[in-house]
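Engineer: Below: one structure in structure tokens.
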Amino acid sequence: MPGRFALFAGLLILFLGACGSGEANPLAGPPLHTRPEGVGRVRCGPLWEEGEEITLRGLYRTSGESAYLDIQHFFPDGSSCWARVFLLNRGMEPGAIPWNAPLYVEVGGRLSSGRWSSPGLWDLQVERRSLLPLDHRAVQEDCQAAVADRLPDLEALDWAALALPSYVTGTAGFHPDAEGLRHLEFHFLGSDDGRPLLLLEGQGPALPPVRPLVERRVAVECVYDLAQGKVQELVATIRGEVHE
């Protein structure tokens, strides 16, 4: 009996030691997905009916005399599209709203799209409105922390596999600077029109130049769940801009 007890105790010690010395979870942090370069945000089609009486959530911004909501509609399969709803009778807040500190609001009224020839653009005659809580800095810091959690995965990504065909050779072997990834400045792009979900994007380290006047950067989208107070998903891609 003493021999059996000693054997059991030894096995227990080995088991506990193995549990304590295991590596950190390689999948720590939110899911990380990728999107090819050149695949931008998709405009929404006919999400709503012309003249529909509706209640919407969105990020409220102003530009000159215009006031509008930036909306990122998330579908059940995880895909999304963006829309902009112009408020015909503005008045959530007086004065200009800083672009990266939009108000998070819920408004109700009647929709129309008659004066727009492009999809994803709507007008709303506002009949009711309310301001919703949003801690901009806390959300941005949570997105930065999520990137830090997935830093090894972002550094190890095959960025050439995401590049446009004409940029594959120039992107081969690229690995983004870790410090540049740690300090991404996230900007608010939109919120879901019904659920408490936000979309932000941070642009970081530059990729090697391939063509004159073309600047390409690492970009990471951050889907944030306000109800749970955490990042739901990260999406890595490449954003390009032509300087003329």
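Going through the structure tokens in order, the chains are called A, B, and so on, while each chain numbers its residues from 1 and the ligands are numbered from 1 in the order shown.
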If we count only C-alpha atoms, what is near Ala178 of chain A at a cut-off of 12 Å, once residues fewer than 5 positions away on the same chain are taken out, given as a JSON list (two decimals) with all heavy atoms, in the first residue's frame?
Structural biologist:
[["chain", "number", "residue", "atom", "x", "y", "z"],
["A", 147, "VAL", "N", -4.62, 43.91, -30.21],
["A", 147, "VAL", "CA", -3.52, 43.80, -31.17],
["A", 147, "VAL", "C", -2.27, 43.29, -30.48],
["A", 147, "VAL", "O", -1.55, 42.43, -31.01],
["A", 147, "VAL", "CB", -3.26, 45.16, -31.85],
["A", 147, "VAL", "CG1", -1.94, 45.13, -32.63],
["A", 147, "VAL", "CG2", -4.42, 45.51, -32.78],
["A", 148, "ALA", "N", -2.00, 43.80, -29.28],
["A", 148, "ALA", "CA", -0.82, 43.34, -28.53],
["A", 148, "ALA", "C", -0.92, 41.84, -28.23],
["A", 148, "ALA", "O", 0.08, 41.12, -28.29],
["A", 148, "ALA", "CB", -0.69, 44.14, -27.24],
["A", 149, "ASP", "N", -2.13, 41.36, -27.94],
["A", 149, "ASP", "CA", -2.32, 39.93, -27.67],
["A", 149, "ASP", "C", -2.01, 39.08, -28.91],
["A", 149, "ASP", "O", -1.55, 37.95, -28.79],
["A", 149, "ASP", "CB", -3.76, 39.66, -27.22],
["A", 149, "ASP", "CG", -4.03, 40.13, -25.80],
["A", 149, "ASP", "OD1", -3.05, 40.34, -25.05],
["A", 149, "ASP", "OD2", -5.21, 40.31, -25.45],
["A", 150, "ARG", "N", -2.30, 39.62, -30.09],
["A", 150, "ARG", "CA", -2.10, 38.85, -31.32],
["A", 150, "ARG", "C", -0.85, 39.30, -32.08],
["A", 150, "ARG", "O", -0.71, 39.00, -33.27],
["A", 150, "ARG", "CB", -3.33, 39.01, -32.23],
["A", 150, "ARG", "CG", -4.64, 38.53, -31.65],
["A", 150, "ARG", "CD", -4.59, 37.12, -31.05],
["A", 150, "ARG", "NE", -4.22, 36.11, -32.01],
["A", 150, "ARG", "CZ", -5.07, 35.23, -32.54],
["A", 150, "ARG", "NH1", -6.34, 35.27, -32.20],
["A", 150, "ARG", "NH2", -4.65, 34.32, -33.40],
["A", 151, "LEU", "N", 0.05, 39.99, -31.38],
["A", 151, "LEU", "CA", 1.24, 40.52, -32.03],
["A", 151, "LEU", "C", 2.07, 39.45, -32.75],
["A", 151, "LEU", "O", 2.46, 39.65, -33.91],
["A", 151, "LEU", "CB", 2.09, 41.26, -30.99],
["A", 151, "LEU", "CG", 3.07, 42.30, -31.52],
["A", 151, "LEU", "CD1", 2.35, 43.36, -32.33],
["A", 151, "LEU", "CD2", 3.81, 42.96, -30.35],
["A", 152, "PRO", "N", 2.37, 38.31, -32.12],
["A", 152, "PRO", "CA", 3.16, 37.29, -32.83],
["A", 152, "PRO", "C", 2.48, 36.83, -34.12],
["A", 152, "PRO", "O", 3.16, 36.58, -35.12],
["A", 152, "PRO", "CB", 3.27, 36.15, -31.81],
["A", 152, "PRO", "CG", 3.05, 36.79, -30.48],
["A", 152, "PRO", "CD", 2.06, 37.89, -30.73],
["A", 153, "ASP", "N", 1.15, 36.71, -34.10],
["A", 153, "ASP", "CA", 0.43, 36.27, -35.29],
["A", 153, "ASP", "C", 0.48, 37.32, -36.39],
["A", 153, "ASP", "O", 0.61, 37.00, -37.57],
["A", 153, "ASP", "CB", -1.02, 35.95, -34.94],
["A", 153, "ASP", "CG", -1.13, 34.94, -33.81],
["A", 153, "ASP", "OD1", -0.77, 33.77, -34.03],
["A", 153, "ASP", "OD2", -1.53, 35.32, -32.70],
["A", 154, "LEU", "N", 0.36, 38.60, -36.01],
["A", 154, "LEU", "CA", 0.42, 39.67, -37.00],
["A", 154, "LEU", "C", 1.82, 39.77, -37.62],
["A", 154, "LEU", "O", 1.96, 39.99, -38.82],
["A", 154, "LEU", "CB", 0.04, 41.01, -36.35],
["A", 154, "LEU", "CG", -1.45, 41.18, -36.03],
["A", 154, "LEU", "CD1", -1.66, 42.34, -35.06],
["A", 154, "LEU", "CD2", -2.24, 41.41, -37.31],
["A", 155, "GLU", "N", 2.84, 39.59, -36.80],
["A", 155, "GLU", "CA", 4.21, 39.64, -37.32],
["A", 155, "GLU", "C", 4.49, 38.47, -38.26],
["A", 155, "GLU", "O", 5.25, 38.59, -39.22],
["A", 155, "GLU", "CB", 5.21, 39.63, -36.17],
["A", 155, "GLU", "CG", 5.22, 40.90, -35.33],
["A", 155, "GLU", "CD", 6.24, 40.83, -34.22],
["A", 155, "GLU", "OE1", 6.03, 40.07, -33.25],
["A", 155, "GLU", "OE2", 7.26, 41.53, -34.33],
["A", 156, "ALA", "N", 3.88, 37.32, -37.97],
["A", 156, "ALA", "CA", 4.16, 36.11, -38.74],
["A", 156, "ALA", "C", 3.28, 35.96, -39.98],
["A", 156, "ALA", "O", 3.48, 35.03, -40.76],
["A", 156, "ALA", "CB", 3.98, 34.88, -37.84],
["A", 183, "HIS", "N", 1.35, 50.54, -31.31],
["A", 183, "HIS", "CA", 0.88, 51.92, -31.14],
["A", 183, "HIS", "C", -0.06, 52.35, -32.27],
["A", 183, "HIS", "O", -0.07, 53.51, -32.67],
["A", 183, "HIS", "CB", 2.08, 52.87, -31.05],
["A", 183, "HIS", "CG", 2.95, 52.61, -29.85],
["A", 183, "HIS", "ND1", 4.10, 51.85, -29.91],
["A", 183, "HIS", "CD2", 2.80, 52.98, -28.55],
["A", 183, "HIS", "CE1", 4.64, 51.78, -28.70],
["A", 183, "HIS", "NE2", 3.87, 52.45, -27.86],
["A", 184, "LEU", "N", -0.83, 51.41, -32.78],
["A", 184, "LEU", "CA", -1.83, 51.78, -33.78],
["A", 184, "LEU", "C", -2.81, 52.78, -33.18],
["A", 184, "LEU", "O", -3.28, 52.60, -32.06],
["A", 184, "LEU", "CB", -2.60, 50.55, -34.26],
["A", 184, "LEU", "CG", -1.85, 49.49, -35.07],
["A", 184, "LEU", "CD1", -2.81, 48.37, -35.46],
["A", 184, "LEU", "CD2", -1.24, 50.10, -36.31],
["A", 204, "GLY", "N", -0.90, 51.23, -39.50],
["A", 204, "GLY", "CA", 0.39, 51.19, -38.84],
["A", 204, "GLY", "C", 1.58, 51.23, -39.77],
["A", 204, "GLY", "O", 1.64, 52.07, -40.67],
["A", 205, "PRO", "N", 2.52, 50.31, -39.58],
["A", 205, "PRO", "CA", 3.79, 50.36, -40.30],
["A", 205, "PRO", "C", 3.61, 50.39, -41.82],
["A", 205, "PRO", "O", 2.73, 49.73, -42.37],
["A", 205, "PRO", "CB", 4.50, 49.08, -39.85],
["A", 205, "PRO", "CG", 3.89, 48.75, -38.53],
["A", 205, "PRO", "CD", 2.46, 49.19, -38.63],
["A", 218, "VAL", "N", 0.10, 48.67, -43.25],
["A", 218, "VAL", "CA", -0.63, 47.64, -42.52],
["A", 218, "VAL", "C", -1.86, 48.29, -41.90],
["A", 218, "VAL", "O", -1.80, 49.40, -41.37],
["A", 218, "VAL", "CB", 0.26, 47.04, -41.41],
["A", 218, "VAL", "CG1", -0.57, 46.20, -40.45],
["A", 218, "VAL", "CG2", 1.39, 46.23, -42.02]]
Engineer: Running DSSP on the backbone, which parts of segment 48-177 of chain A land in alpha helix (DSSP H), as a list in words?
Structural biologist: His136, Arg137, Ala138, Val139, Gln140, Glu141, Asp142, Cys143, Gln144, Ala145, Ala146, Val147, Ala148, Asp149, Leu151, Pro152, Asp153, Leu154, Glu155, Ala156, Val168, Thr169, Gly170 and Thr171 of chain A
Engineer: What parts of segment 48-82 of chain A does DSSP call strand (DSSP E or B)? I'd like the answer as a PyMOL selection string.
Structural biologist: chain A and resi 53-63+66-74+80-82
Engineer: What's around Gln232 of chain A at 12 Å? Count only C-alpha atoms, leave out sequence neighbours fewer than 2 positions away in its own chain, and write the answer as an MDAnalysis selection string.
Structural biologist: chainID A and resid 29:33 78 139 142:143 146:147 196:200 221:230 234:235
